[in-house]
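So this block is data-v8.cif, mmCIF, C-alpha atoms and all ligand atoms:
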```cif
data_target
#
loop_
_atom_site.group_PDB
_atom_site.id
_atom_site.type_symbol
_atom_site.label_atom_id
_atom_site.label_comp_id
_atom_site.auth_asym_id
_atom_site.auth_seq_id
_atom_site.Cartn_x
_atom_site.Cartn_y
_atom_site.Cartn_z
ATOM 1 C CA MET A 1 -0.164 10.186 11.342
ATOM 2 C CA ILE A 2 0.195 6.408 11.773
ATOM 3 C CA GLU A 3 2.038 4.878 14.660
ATOM 4 C CA LEU A 4 2.516 1.241 15.639
ATOM 5 C CA LYS A 5 3.615 0.769 19.248
ATOM 6 C CA ASN A 6 4.855 -2.590 20.542
ATOM 7 C CA VAL A 7 2.465 -4.504 18.325
ATOM 8 C CA HIS A 8 2.240 -8.283 18.799
ATOM 9 C CA PHE A 9 0.041 -10.350 16.539
ATOM 10 C CA SER A 10 -0.703 -14.071 16.133
ATOM 11 C CA TYR A 11 -3.002 -15.961 13.782
ATOM 12 C CA GLY A 12 -4.456 -18.375 16.345
ATOM 13 C CA GLU A 13 -1.490 -20.008 18.044
ATOM 14 C CA LYS A 14 0.914 -18.930 15.347
ATOM 15 C CA PRO A 15 2.924 -15.837 16.314
ATOM 16 C CA VAL A 16 3.437 -13.591 13.287
ATOM 17 C CA LEU A 17 4.597 -10.181 14.564
ATOM 18 C CA GLN A 18 6.579 -9.360 17.697
ATOM 19 C CA ASN A 19 6.992 -5.951 19.237
ATOM 20 C CA ILE A 20 6.646 -3.892 16.059
ATOM 21 C CA THR A 21 7.153 -0.156 16.581
ATOM 22 C CA PHE A 22 7.396 2.422 13.807
ATOM 23 C CA SER A 23 5.581 5.482 12.565
ATOM 24 C CA VAL A 24 4.743 7.224 9.320
ATOM 25 C CA SER A 25 4.293 10.968 9.366
ATOM 26 C CA SER A 26 2.053 13.085 7.217
ATOM 27 C CA SER A 27 3.036 12.977 3.486
ATOM 28 C CA GLU A 28 5.903 10.607 4.215
ATOM 29 C CA SER A 29 6.619 7.511 2.147
ATOM 30 C CA VAL A 30 7.792 4.413 3.989
ATOM 31 C CA VAL A 31 8.754 1.202 2.213
ATOM 32 C CA ILE A 32 8.452 -2.117 4.066
ATOM 33 C CA MET A 33 10.754 -4.891 2.881
ATOM 34 C CA GLY A 34 11.558 -8.367 4.135
ATOM 35 C CA PRO A 35 11.521 -12.028 3.147
ATOM 36 C CA SER A 36 8.342 -13.812 2.107
ATOM 37 C CA GLY A 37 6.221 -14.736 5.107
ATOM 38 C CA SER A 38 7.908 -12.223 7.418
ATOM 39 C CA GLY A 39 4.615 -10.440 8.157
ATOM 40 C CA LYS A 40 4.537 -7.434 5.818
ATOM 41 C CA SER A 41 0.992 -7.867 4.477
ATOM 42 C CA THR A 42 -0.181 -8.554 8.017
ATOM 43 C CA ILE A 43 1.103 -5.130 9.081
ATOM 44 C CA LEU A 44 -1.035 -3.485 6.377
ATOM 45 C CA ARG A 45 -4.069 -5.529 7.448
ATOM 46 C CA LEU A 46 -3.550 -4.380 11.041
ATOM 47 C CA ILE A 47 -3.339 -0.725 9.968
ATOM 48 C CA LEU A 48 -6.594 -1.151 8.033
ATOM 49 C CA GLY A 49 -8.173 -2.633 11.157
ATOM 50 C CA LEU A 50 -8.915 -5.923 9.362
ATOM 51 C CA GLU A 51 -6.985 -7.743 12.097
ATOM 52 C CA CYS A 52 -6.617 -6.809 15.734
ATOM 53 C CA PRO A 53 -3.284 -7.057 17.572
ATOM 54 C CA GLN A 54 -3.169 -9.131 20.781
ATOM 55 C CA HIS A 55 -0.918 -6.520 22.307
ATOM 56 C CA GLY A 56 0.144 -2.973 21.495
ATOM 57 C CA GLU A 57 -1.396 0.057 19.864
ATOM 58 C CA ILE A 58 -2.027 1.163 16.281
ATOM 59 C CA LEU A 59 -2.637 4.880 16.253
ATOM 60 C CA PHE A 60 -4.230 6.881 13.463
ATOM 61 C CA ASP A 61 -3.951 10.557 14.373
ATOM 62 C CA ASP A 62 -3.415 9.465 18.002
ATOM 63 C CA GLU A 63 -6.562 7.310 18.067
ATOM 64 C CA ASN A 64 -6.113 3.587 18.680
ATOM 65 C CA ILE A 65 -7.568 1.609 15.764
ATOM 66 C CA ALA A 66 -7.079 -1.635 17.689
ATOM 67 C CA THR A 67 -9.654 -0.803 20.375
ATOM 68 C CA MET A 68 -12.067 1.224 18.275
ATOM 69 C CA LYS A 69 -15.716 0.297 17.766
ATOM 70 C CA GLU A 70 -16.451 -1.138 14.320
ATOM 71 C CA LYS A 71 -18.494 1.911 13.289
ATOM 72 C CA HIS A 72 -15.712 4.339 14.123
ATOM 73 C CA LYS A 73 -13.216 2.031 12.430
ATOM 74 C CA ARG A 74 -15.232 2.243 9.230
ATOM 75 C CA GLU A 75 -15.015 6.040 9.399
ATOM 76 C CA ILE A 76 -11.236 5.919 9.800
ATOM 77 C CA ARG A 77 -10.988 3.426 6.941
ATOM 78 C CA LYS A 78 -12.464 6.043 4.612
ATOM 79 C CA ALA A 79 -9.213 7.933 5.011
ATOM 80 C CA ILE A 80 -7.111 4.883 4.128
ATOM 81 C CA GLY A 81 -6.811 3.564 0.577
ATOM 82 C CA MET A 82 -5.509 0.055 0.027
ATOM 83 C CA VAL A 83 -4.191 -1.622 -3.104
ATOM 84 C CA PHE A 84 -4.046 -5.337 -2.341
ATOM 85 C CA GLN A 85 -1.229 -7.718 -3.236
ATOM 86 C CA ASP A 86 -3.074 -9.308 -6.186
ATOM 87 C CA GLY A 87 -4.700 -6.115 -7.456
ATOM 88 C CA ALA A 88 -8.030 -7.687 -6.545
ATOM 89 C CA LEU A 89 -10.335 -6.251 -9.195
ATOM 90 C CA PHE A 90 -13.762 -7.821 -9.596
ATOM 91 C CA ASP A 91 -13.405 -10.123 -12.618
ATOM 92 C CA SER A 92 -17.005 -9.932 -13.732
ATOM 93 C CA LEU A 93 -17.334 -6.149 -13.475
ATOM 94 C CA SER A 94 -16.263 -3.696 -16.142
ATOM 95 C CA VAL A 95 -13.529 -1.148 -15.571
ATOM 96 C CA TRP A 96 -15.933 1.688 -14.752
ATOM 97 C CA GLU A 97 -17.915 -0.535 -12.363
ATOM 98 C CA ASN A 98 -14.672 -1.507 -10.637
ATOM 99 C CA VAL A 99 -13.473 2.077 -10.311
ATOM 100 C CA GLY A 100 -16.896 3.313 -9.218
ATOM 101 C CA TYR A 101 -17.661 0.292 -7.035
ATOM 102 C CA TYR A 102 -17.850 2.133 -3.730
ATOM 103 C CA LEU A 103 -20.037 4.886 -5.173
ATOM 104 C CA LEU A 104 -22.356 2.311 -6.792
ATOM 105 C CA GLU A 105 -22.725 0.473 -3.481
ATOM 106 C CA HIS A 106 -22.818 3.310 -1.002
ATOM 107 C CA THR A 107 -24.254 6.378 -2.700
ATOM 108 C CA ARG A 108 -27.335 7.276 -4.707
ATOM 109 C CA LEU A 109 -25.389 8.869 -7.531
ATOM 110 C CA SER A 110 -26.674 7.921 -10.991
ATOM 111 C CA ASP A 111 -24.711 5.510 -13.165
ATOM 112 C CA GLU A 112 -24.038 8.423 -15.475
ATOM 113 C CA GLU A 113 -22.529 10.526 -12.701
ATOM 114 C CA ILE A 114 -20.430 7.617 -11.434
ATOM 115 C CA GLY A 115 -19.298 6.866 -14.984
ATOM 116 C CA ARG A 116 -18.186 10.485 -15.346
ATOM 117 C CA LYS A 117 -16.197 10.295 -12.108
ATOM 118 C CA ALA A 118 -14.670 7.003 -13.225
ATOM 119 C CA VAL A 119 -13.545 8.548 -16.534
ATOM 120 C CA GLU A 120 -11.966 11.448 -14.685
ATOM 121 C CA MET A 121 -10.193 9.097 -12.284
ATOM 122 C CA LEU A 122 -8.911 6.865 -15.092
ATOM 123 C CA GLY A 123 -7.397 9.948 -16.699
ATOM 124 C CA PHE A 124 -5.775 10.867 -13.389
ATOM 125 C CA VAL A 125 -4.127 7.452 -13.091
ATOM 126 C CA GLY A 126 -2.865 7.761 -16.662
ATOM 127 C CA LEU A 127 -5.275 5.498 -18.534
ATOM 128 C CA ASN A 128 -7.265 6.250 -21.675
ATOM 129 C CA ALA A 129 -10.831 5.826 -20.432
ATOM 130 C CA ASP A 130 -12.379 5.705 -23.897
ATOM 131 C CA GLU A 131 -10.443 2.568 -24.711
ATOM 132 C CA ILE A 132 -11.028 0.573 -21.560
ATOM 133 C CA ILE A 133 -14.043 1.811 -19.646
ATOM 134 C CA ASP A 134 -16.368 -1.020 -20.692
ATOM 135 C CA LYS A 135 -13.773 -3.787 -20.731
ATOM 136 C CA LEU A 136 -13.418 -6.566 -18.198
ATOM 137 C CA PRO A 137 -10.186 -6.596 -16.141
ATOM 138 C CA GLU A 138 -8.923 -9.745 -17.903
ATOM 139 C CA HIS A 139 -8.659 -7.740 -21.120
ATOM 140 C CA LEU A 140 -6.221 -5.260 -19.585
ATOM 141 C CA SER A 141 -2.486 -5.653 -19.086
ATOM 142 C CA GLY A 142 -1.176 -6.190 -15.552
ATOM 143 C CA GLY A 143 0.065 -2.605 -15.336
ATOM 144 C CA MET A 144 -3.303 -1.229 -16.425
ATOM 145 C CA GLN A 145 -5.106 -3.438 -13.889
ATOM 146 C CA ARG A 146 -2.862 -2.125 -11.130
ATOM 147 C CA ARG A 147 -3.669 1.465 -12.124
ATOM 148 C CA VAL A 148 -7.390 0.683 -12.212
ATOM 149 C CA ALA A 149 -7.004 -0.733 -8.680
ATOM 150 C CA ILE A 150 -5.293 2.475 -7.538
ATOM 151 C CA GLY A 151 -8.061 4.524 -9.178
ATOM 152 C CA ARG A 152 -10.666 2.458 -7.374
ATOM 153 C CA ALA A 153 -8.926 3.013 -4.026
ATOM 154 C CA LEU A 154 -8.858 6.754 -4.666
ATOM 155 C CA LEU A 155 -12.516 6.940 -5.639
ATOM 156 C CA SER A 156 -13.617 4.718 -2.730
ATOM 157 C CA THR A 157 -11.957 6.797 -0.078
ATOM 158 C CA ASN A 158 -10.642 10.272 0.342
ATOM 159 C CA PRO A 159 -7.325 8.932 1.412
ATOM 160 C CA ARG A 160 -4.849 10.645 3.642
ATOM 161 C CA VAL A 161 -2.980 7.361 3.729
ATOM 162 C CA MET A 162 -2.399 4.895 0.894
ATOM 163 C CA LEU A 163 -1.221 1.333 1.492
ATOM 164 C CA TYR A 164 0.214 -0.624 -1.445
ATOM 165 C CA ASP A 165 1.003 -4.327 -1.175
ATOM 166 C CA GLU A 166 3.577 -5.230 -3.841
ATOM 167 C CA PRO A 167 2.163 -2.834 -6.431
ATOM 168 C CA THR A 168 4.674 -3.695 -9.164
ATOM 169 C CA THR A 169 5.032 -7.457 -8.788
ATOM 170 C CA GLY A 170 4.601 -9.203 -12.140
ATOM 171 C CA LEU A 171 4.815 -6.002 -14.178
ATOM 172 C CA ASP A 172 7.288 -5.278 -16.969
ATOM 173 C CA PRO A 173 9.824 -2.532 -16.141
ATOM 174 C CA GLN A 174 7.947 0.205 -18.014
ATOM 175 C CA SER A 175 4.596 -0.551 -16.379
ATOM 176 C CA ALA A 176 6.309 -0.822 -12.995
ATOM 177 C CA GLU A 177 7.850 2.591 -13.508
ATOM 178 C CA ASN A 178 4.458 4.069 -14.473
ATOM 179 C CA VAL A 179 2.877 2.665 -11.326
ATOM 180 C CA CYS A 180 5.732 3.984 -9.157
ATOM 181 C CA ASN A 181 5.463 7.428 -10.740
ATOM 182 C CA LEU A 182 1.751 7.392 -9.975
ATOM 183 C CA ILE A 183 2.408 6.464 -6.335
ATOM 184 C CA ARG A 184 4.878 9.352 -6.045
ATOM 185 C CA LYS A 185 2.493 11.736 -7.801
ATOM 186 C CA LEU A 186 -0.263 10.930 -5.302
ATOM 187 C CA GLN A 187 2.085 11.354 -2.395
ATOM 188 C CA SER A 188 3.369 14.734 -3.564
ATOM 189 C CA GLU A 189 0.288 16.281 -5.198
ATOM 190 C CA LYS A 190 -2.244 15.124 -2.658
ATOM 191 C CA SER A 191 0.099 14.964 0.364
ATOM 192 C CA ILE A 192 -0.863 11.354 1.005
ATOM 193 C CA SER A 193 1.149 9.367 3.531
ATOM 194 C CA THR A 194 2.294 6.239 1.788
ATOM 195 C CA ILE A 195 3.280 2.747 2.866
ATOM 196 C CA VAL A 196 4.541 0.418 0.154
ATOM 197 C CA VAL A 197 5.428 -3.238 0.614
ATOM 198 C CA THR A 198 7.791 -4.340 -2.125
ATOM 199 C CA HIS A 199 10.403 -6.927 -3.028
ATOM 200 C CA GLN A 200 11.684 -4.778 -5.888
ATOM 201 C CA ILE A 201 14.748 -2.999 -4.600
ATOM 202 C CA ALA A 202 14.815 -0.457 -7.457
ATOM 203 C CA ASP A 203 11.205 0.510 -6.733
ATOM 204 C CA ALA A 204 11.905 0.639 -3.012
ATOM 205 C CA ILE A 205 14.799 3.024 -3.493
ATOM 206 C CA GLY A 206 12.792 5.222 -5.867
ATOM 207 C CA LEU A 207 9.776 5.373 -3.582
ATOM 208 C CA ALA A 208 11.070 5.481 -0.033
ATOM 209 C CA ASP A 209 11.733 8.419 2.204
ATOM 210 C CA ARG A 210 12.424 5.732 4.816
ATOM 211 C CA PHE A 211 12.824 1.947 4.893
ATOM 212 C CA VAL A 212 11.563 -0.587 7.391
ATOM 213 C CA VAL A 213 12.836 -4.168 7.214
ATOM 214 C CA ILE A 214 10.781 -6.970 8.792
ATOM 215 C CA TYR A 215 12.486 -10.289 9.414
ATOM 216 C CA ALA A 216 10.564 -13.243 10.853
ATOM 217 C CA GLY A 217 8.007 -10.955 12.445
ATOM 218 C CA GLU A 218 10.512 -8.556 13.969
ATOM 219 C CA LEU A 219 11.424 -5.061 12.889
ATOM 220 C CA VAL A 220 15.167 -5.246 12.299
ATOM 221 C CA PHE A 221 15.743 -1.925 10.541
ATOM 222 C CA ASP A 222 14.181 1.547 10.350
ATOM 223 C CA GLY A 223 16.116 4.283 8.574
ATOM 224 C CA ASN A 224 17.154 5.974 5.332
ATOM 225 C CA LEU A 225 18.981 4.596 2.306
ATOM 226 C CA GLU A 226 22.459 5.420 3.564
ATOM 227 C CA GLN A 227 21.790 3.757 6.889
ATOM 228 C CA LEU A 228 20.309 0.777 5.087
ATOM 229 C CA ARG A 229 23.382 0.410 2.913
ATOM 230 C CA ASP A 230 25.658 0.700 5.940
ATOM 231 C CA SER A 231 23.586 -1.472 8.303
ATOM 232 C CA ASP A 232 25.708 -4.064 10.074
ATOM 233 C CA ASP A 233 22.706 -6.097 11.242
ATOM 234 C CA GLN A 234 23.361 -9.534 9.768
ATOM 235 C CA ARG A 235 19.678 -10.147 8.972
ATOM 236 C CA VAL A 236 19.500 -6.890 7.003
ATOM 237 C CA ARG A 237 22.751 -7.697 5.205
ATOM 238 C CA ASP A 238 21.540 -11.199 4.339
ATOM 239 C CA PHE A 239 18.288 -9.843 2.969
ATOM 240 C CA LEU A 240 20.051 -7.196 0.885
ATOM 241 C CA ALA A 241 22.941 -9.350 -0.309
ATOM 242 C CA PRO A 242 21.326 -10.358 -3.626
ATOM 243 C CA PHE A 243 20.673 -6.690 -4.439
ATOM 244 C CA LYS A 244 23.962 -5.179 -3.304
ATOM 245 C CA SER A 245 25.432 -4.915 -6.777
ATOM 246 C CA SER A 246 22.479 -2.881 -8.028
ATOM 247 C CA PHE A 247 22.524 -0.452 -5.111
ATOM 248 C CA GLY A 248 24.895 2.100 -6.632
ATOM 249 C CA GLU A 249 23.120 2.123 -9.952
ATOM 250 C CA VAL A 250 19.579 2.461 -8.653
ATOM 251 C CA ALA A 251 20.452 4.755 -5.769
ATOM 252 C CA GLU A 252 20.354 7.777 -8.056
ATOM 253 C CA LYS A 253 16.963 6.948 -9.462
ATOM 254 C CA LYS A 254 13.959 8.759 -8.014
ATOM 255 C CA PHE A 255 10.480 8.481 -9.429
ATOM 256 C CA VAL A 256 8.994 11.781 -10.409
ATOM 257 C CA GLY A 257 5.689 12.767 -8.883
HETATM 258 N N1 LIG B 301 -5.189 -15.792 7.364
HETATM 259 C C1 LIG B 301 -4.095 -16.386 7.856
HETATM 260 N N2 LIG B 301 -4.199 -17.402 8.738
HETATM 261 C C2 LIG B 301 -3.106 -18.005 9.267
HETATM 262 N N3 LIG B 301 -1.846 -17.645 8.980
HETATM 263 C C3 LIG B 301 -1.658 -16.648 8.099
HETATM 264 C C4 LIG B 301 -2.777 -15.956 7.493
HETATM 265 N N4 LIG B 301 -2.280 -14.995 6.676
HETATM 266 C C5 LIG B 301 -0.934 -15.077 6.764
HETATM 267 N N5 LIG B 301 -0.554 -16.062 7.630
HETATM 268 C C6 LIG B 301 0.812 -16.397 8.004
HETATM 269 O O1 LIG B 301 1.396 -15.256 8.629
HETATM 270 C C7 LIG B 301 2.753 -15.111 8.228
HETATM 271 C C8 LIG B 301 2.966 -13.722 7.651
HETATM 272 O O2 LIG B 301 2.203 -13.597 6.473
HETATM 273 P P1 LIG B 301 2.203 -12.282 5.582
HETATM 274 O O3 LIG B 301 1.226 -12.504 4.503
HETATM 275 O O4 LIG B 301 2.025 -11.094 6.445
HETATM 276 O O5 LIG B 301 3.701 -12.304 5.009
HETATM 277 P P2 LIG B 301 4.385 -11.382 3.921
HETATM 278 O O6 LIG B 301 5.612 -10.814 4.538
HETATM 279 O O7 LIG B 301 3.389 -10.418 3.379
HETATM 280 O O8 LIG B 301 4.825 -12.437 2.805
HETATM 281 P P3 LIG B 301 4.897 -12.287 1.192
HETATM 282 O O9 LIG B 301 6.140 -11.483 0.919
HETATM 283 O O10 LIG B 301 5.010 -13.685 0.710
HETATM 284 O O11 LIG B 301 3.648 -11.598 0.729
HETATM 285 C C9 LIG B 301 3.041 -16.240 7.260
HETATM 286 O O12 LIG B 301 3.688 -17.252 7.966
HETATM 287 C C10 LIG B 301 1.681 -16.686 6.804
HETATM 288 O O13 LIG B 301 1.690 -18.052 6.508
HETATM 289 MG MG MG B 302 2.516 -10.193 1.514
#
```
structure tokens encoding of this file:
Amino acid sequence: MIELKNVHFSYGEKPVLQNITFSVSSSESVVIMGPSGSGKSTILRLILGLECPQHGEILFDDENIATMKEKHKREIRKAIGMVFQDGALFDSLSVWENVGYYLLEHTRLSDEEIGRKAVEMLGFVGLNADEIIDKLPEHLSGGMQRRVAIGRALLSTNPRVMLYDEPTTGLDPQSAENVCNLIRKLQSEKSISTIVVTHQIADAIGLADRFVVIYAGELVFDGNLEQLRDSDDQRVRDFLAPFKSSFGEVAEKKFVG
């Protein structure tokens, strides 16, 4: 479905990613972990075609996003939903305008019709539309904002792939669990391939079919939980050291779709 092959990327003179190769198959969930600044968000931006690699290929269904014309890229992007690191709702727009943003901008559907779709979507992401539909994002909790952002991504695209950049950062444990359950539900009910960047080891373990660890712009691990636990790569061990004690406990936990 998505394949990165020998991807190198620099911001100007600053090298950020070196020789990144991994793939995500249809309906698979891959979690990307790694220290701050290692290049995780950049990988998502490359997959979305927002940045272009200096070397290597990024394939979406065997087509190279990196060399595609902008128009074709926009078409591909309709199949990719993205939830950005900071949630990124529009502060001055109400919940329904946020969720229906793409439809308001790009279709001729009436406000009424878009409102109806927004209500339906809010229900799907587990929010009570009646209570929040006319509110501004600042009047919602962090967990609710994150779910509104996921709803917006779903209504903006017809995603076959969802990218989540730290979807649970800053949330209390209950809200984080709700968001993770929603991510799993989308993956299983709608067969959406999923890439999640997270620092939360419990979430990672609950969400991942496979793990990728990025360290200083290099891919240093690609494998399942057992392999991750047993990895003898020092960089992987260093990164996981603070979480080691919680591994046993959280290993059993799987979010329900
Ligand atoms: N627009 C930009 N221009 C220049 N450098 C950038 C830009 N965006 C990110 N970088 C740099 O690229 C590197 C990788 O950044 P990236 O945001 O991908 O890291 P990350 O792994 O997502 O980190 P975090 O866990 O803190 O979100 C960092 O050194 C960062 O400073
Ligand atoms: Mg990031």
Using only the atoms of ligand LIG 301 (chain B) listed in the file, plus 3 Å on each side, state the axis-aligned box centre and edge lengths in Å rounded to one decimal, as lines of an AutoDock Vina configuration file.
```
center_x = 0.5
center_y = -14.2
center_z = 5.0
size_x = 17.3
size_y = 13.6
size_z = 14.6
```
Sort by chain and increasing residue number a table of all residues of range 179-198 of chain A within 12 Å of range 141-146 of chain A, each with its closest pair of atoms and their distance in Å to one decimal, counting only C-alpha atoms, and write it as CSV.
```
residue,atom,partner,partner_atom,distance
A:Val179,CA,A:Gly143,CA,7.2
A:Cys180,CA,A:Gly143,CA,10.7
A:Leu182,CA,A:Arg146,CA,10.6
A:Ile183,CA,A:Arg146,CA,11.2
```
How about saving the chosen residues, C-alpha atoms kept, as a PDB file, in the frame of the given file?
```pdb
ATOM      1  CA  VAL A 179       2.877   2.665 -11.326  1.00  0.00           C
ATOM      2  CA  CYS A 180       5.732   3.984  -9.157  1.00  0.00           C
ATOM      3  CA  LEU A 182       1.751   7.392  -9.975  1.00  0.00           C
ATOM      4  CA  ILE A 183       2.408   6.464  -6.335  1.00  0.00           C
TER       5      ILE A 183
END
```
The PyMOL selection byres (((chain A and resi 77) around 12) and not hetatm) resolved against shown file, as a ChimeraX atom specification = /A:45-50,60,65,68,70-76,78-82,153,156-163
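The space separating CA of Phe9 in chain A from CA of Ser25 in chain A comes to 22.9 Å.
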Please identify all polymer residues within 6 Å of range 164-172 of chain A, counting all atoms listed in the file, omitting same-chain residues fewer than 2 positions from it, and present them as a list in words.
->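 Near range 164-172 of chain A, the qualifying residues are Met82, Val83, Phe84, Gln85, Gly143, Gln174, Ser175, Ala176, Val196, Val197 and Thr198 of chain A.
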For Ser231 in chain A, list every protein, DNA or RNA residue within 12 Å, evaluated using all atoms listed in the file, and leave out those in the same chain fewer than 5 positions away; present the list as a ChimeraX atom specification.
-> /A:211,213,220-226,236-241
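Residue nearest ligand MG 302 (chain B), chosen from A:Ala118, A:Ile214, A:Leu59, A:Leu104 and counting only C-alpha atoms and all ligand atoms: A:Ile214.
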Show which residues sit within 10 Å of Lys135 in chain A, as a ChimeraX atom specification. Count only C-alpha atoms, and ignore same-chain residues fewer than 3 positions away.
-> /A:92-97,131-132,138-140
Per residue of chain A within 7 Å of ligand MG 302 (chain B), record the nearest atom pair and its distance in Å to one decimal, counting all atoms listed in the file, with rows in chain order and ascending residue number, as JSON lines.
```
{"residue": "A:Ser36", "atom": "CA", "partner": "B:MG302", "partner_atom": "MG", "distance": 6.9}
{"residue": "A:Gly37", "atom": "CA", "partner": "B:MG302", "partner_atom": "MG", "distance": 6.9}
{"residue": "A:Gly39", "atom": "CA", "partner": "B:MG302", "partner_atom": "MG", "distance": 7.0}
{"residue": "A:Lys40", "atom": "CA", "partner": "B:MG302", "partner_atom": "MG", "distance": 5.5}
{"residue": "A:Ser41", "atom": "CA", "partner": "B:MG302", "partner_atom": "MG", "distance": 4.1}
{"residue": "A:Gln85", "atom": "CA", "partner": "B:MG302", "partner_atom": "MG", "distance": 6.5}
{"residue": "A:Asp165", "atom": "CA", "partner": "B:MG302", "partner_atom": "MG", "distance": 6.6}
```
What is the distance, in Å and to one decimal place, between CA of Thr42 in chain A and CA of Gly206 in chain A?
->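 Pair CA of Thr42 in chain A / CA of Gly206 in chain A returns 23.5 Å.
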Close residues, range 114-117 of chain A itself excluded, 7 Å, all atoms listed in the file, min 3 positions apart in chain, as number ranges by chain | A: 96, 100, 103, 109-111, 120-121
Written as a list in words, which residues does the PyMOL selection byres (((chain A and resi 10-14) around 12) and not hetatm) give for the file shown?
->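 Selection result, ordered by chain and number: Val7, His8, Phe9, Pro15, Val16, Leu17, Gln18, Asn19, Gly39, Thr42, Ile43, Leu46, Glu51, Cys52, Pro53, Gln54, His55 and Gly217 of chain A.
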Would you export the selected residues with C-alpha atoms as a PDB file, in the frame of the given file, please?
```pdb
ATOM      1  CA  VAL A   7       2.465  -4.504  18.325  1.00  0.00           C
ATOM      2  CA  HIS A   8       2.240  -8.283  18.799  1.00  0.00           C
ATOM      3  CA  PHE A   9       0.041 -10.350  16.539  1.00  0.00           C
ATOM      4  CA  PRO A  15       2.924 -15.837  16.314  1.00  0.00           C
ATOM      5  CA  VAL A  16       3.437 -13.591  13.287  1.00  0.00           C
ATOM      6  CA  LEU A  17       4.597 -10.181  14.564  1.00  0.00           C
ATOM      7  CA  GLN A  18       6.579  -9.360  17.697  1.00  0.00           C
ATOM      8  CA  ASN A  19       6.992  -5.951  19.237  1.00  0.00           C
ATOM      9  CA  GLY A  39       4.615 -10.440   8.157  1.00  0.00           C
ATOM     10  CA  THR A  42      -0.181  -8.554   8.017  1.00  0.00           C
ATOM     11  CA  ILE A  43       1.103  -5.130   9.081  1.00  0.00           C
ATOM     12  CA  LEU A  46      -3.550  -4.380  11.041  1.00  0.00           C
ATOM     13  CA  GLU A  51      -6.985  -7.743  12.097  1.00  0.00           C
ATOM     14  CA  CYS A  52      -6.617  -6.809  15.734  1.00  0.00           C
ATOM     15  CA  PRO A  53      -3.284  -7.057  17.572  1.00  0.00           C
ATOM     16  CA  GLN A  54      -3.169  -9.131  20.781  1.00  0.00           C
ATOM     17  CA  HIS A  55      -0.918  -6.520  22.307  1.00  0.00           C
ATOM     18  CA  GLY A 217       8.007 -10.955  12.445  1.00  0.00           C
TER      19      GLY A 217
END
```
Would you mind telling me which residue in A:Leu4, A:Asp230, A:Arg147, A:Thr107 lies nearest to Leu44 in chain A when using only C-alpha atoms?
->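 Residue with the minimum atom-to-atom distance to Leu44 in chain A: A:Leu4.
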Gap from CA of Ser191 in chain A to CA of Pro137 in chain A - Å, one decimal =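 Those two atoms sit 29.0 Å apart.
Checking A:Val99, A:Ala208, A:Ala216, A:Met1 one by one against ligand LIG 301 (chain B), counting all atoms listed in the file, you find the shortest gap at A:Ala216.
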Between A:Arg108, A:Ile32, A:Ala129, A:Ala149, single out the one closest to ligand LIG 301 (chain B), counting only C-alpha atoms and all ligand atoms.
->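 Once distances to ligand LIG 301 (chain B) are computed over only C-alpha atoms and all ligand atoms, the minimum belongs to A:Ile32.
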Using only C-alpha atoms, which residues sit within 9 Å of Ile192 in chain A once same-chain residues fewer than 2 positions away are excluded, as a VMD selection string?
-> chain A and resid 26 to 29 159 to 162 186 to 190 194
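Among the candidates A:Phe22, A:Asn128, A:Gln200, A:Leu122, the one nearest to ligand LIG 301 (chain B) when counting only C-alpha atoms and all ligand atoms is A:Gln200.
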Reconstruct N, CA, C and O atoms of range 181-188 of chain A; output as an mmCIF file, in the frame of the given file.
```cif
data_model
loop_
_atom_site.group_PDB
_atom_site.id
_atom_site.type_symbol
_atom_site.label_atom_id
_atom_site.label_comp_id
_atom_site.auth_asym_id
_atom_site.auth_seq_id
_atom_site.Cartn_x
_atom_site.Cartn_y
_atom_site.Cartn_z
ATOM 1 N N ASN A 181 5.628 5.980 -10.533
ATOM 2 C CA ASN A 181 5.463 7.428 -10.740
ATOM 3 C C ASN A 181 4.101 7.893 -10.231
ATOM 4 O O ASN A 181 3.979 8.974 -9.654
ATOM 5 N N LEU A 182 3.087 7.048 -10.456
ATOM 6 C CA LEU A 182 1.751 7.392 -9.975
ATOM 7 C C LEU A 182 1.715 7.446 -8.442
ATOM 8 O O LEU A 182 1.126 8.355 -7.849
ATOM 9 N N ILE A 183 2.360 6.487 -7.813
ATOM 10 C CA ILE A 183 2.408 6.464 -6.335
ATOM 11 C C ILE A 183 3.068 7.747 -5.815
ATOM 12 O O ILE A 183 2.578 8.387 -4.885
ATOM 13 N N ARG A 184 4.173 8.129 -6.450
ATOM 14 C CA ARG A 184 4.878 9.352 -6.045
ATOM 15 C C ARG A 184 4.030 10.595 -6.300
ATOM 16 O O ARG A 184 4.009 11.528 -5.504
ATOM 17 N N LYS A 185 3.336 10.584 -7.451
ATOM 18 C CA LYS A 185 2.493 11.736 -7.801
ATOM 19 C C LYS A 185 1.396 11.955 -6.741
ATOM 20 O O LYS A 185 1.147 13.069 -6.311
ATOM 21 N N LEU A 186 0.781 10.836 -6.321
ATOM 22 C CA LEU A 186 -0.263 10.930 -5.302
ATOM 23 C C LEU A 186 0.302 11.459 -4.001
ATOM 24 O O LEU A 186 -0.298 12.296 -3.342
ATOM 25 N N GLN A 187 1.475 10.938 -3.655
ATOM 26 C CA GLN A 187 2.085 11.354 -2.395
ATOM 27 C C GLN A 187 2.388 12.849 -2.430
ATOM 28 O O GLN A 187 2.088 13.578 -1.475
ATOM 29 N N SER A 188 2.946 13.329 -3.547
ATOM 30 C CA SER A 188 3.369 14.734 -3.564
ATOM 31 C C SER A 188 2.215 15.690 -3.873
ATOM 32 O O SER A 188 2.054 16.695 -3.199
#
```
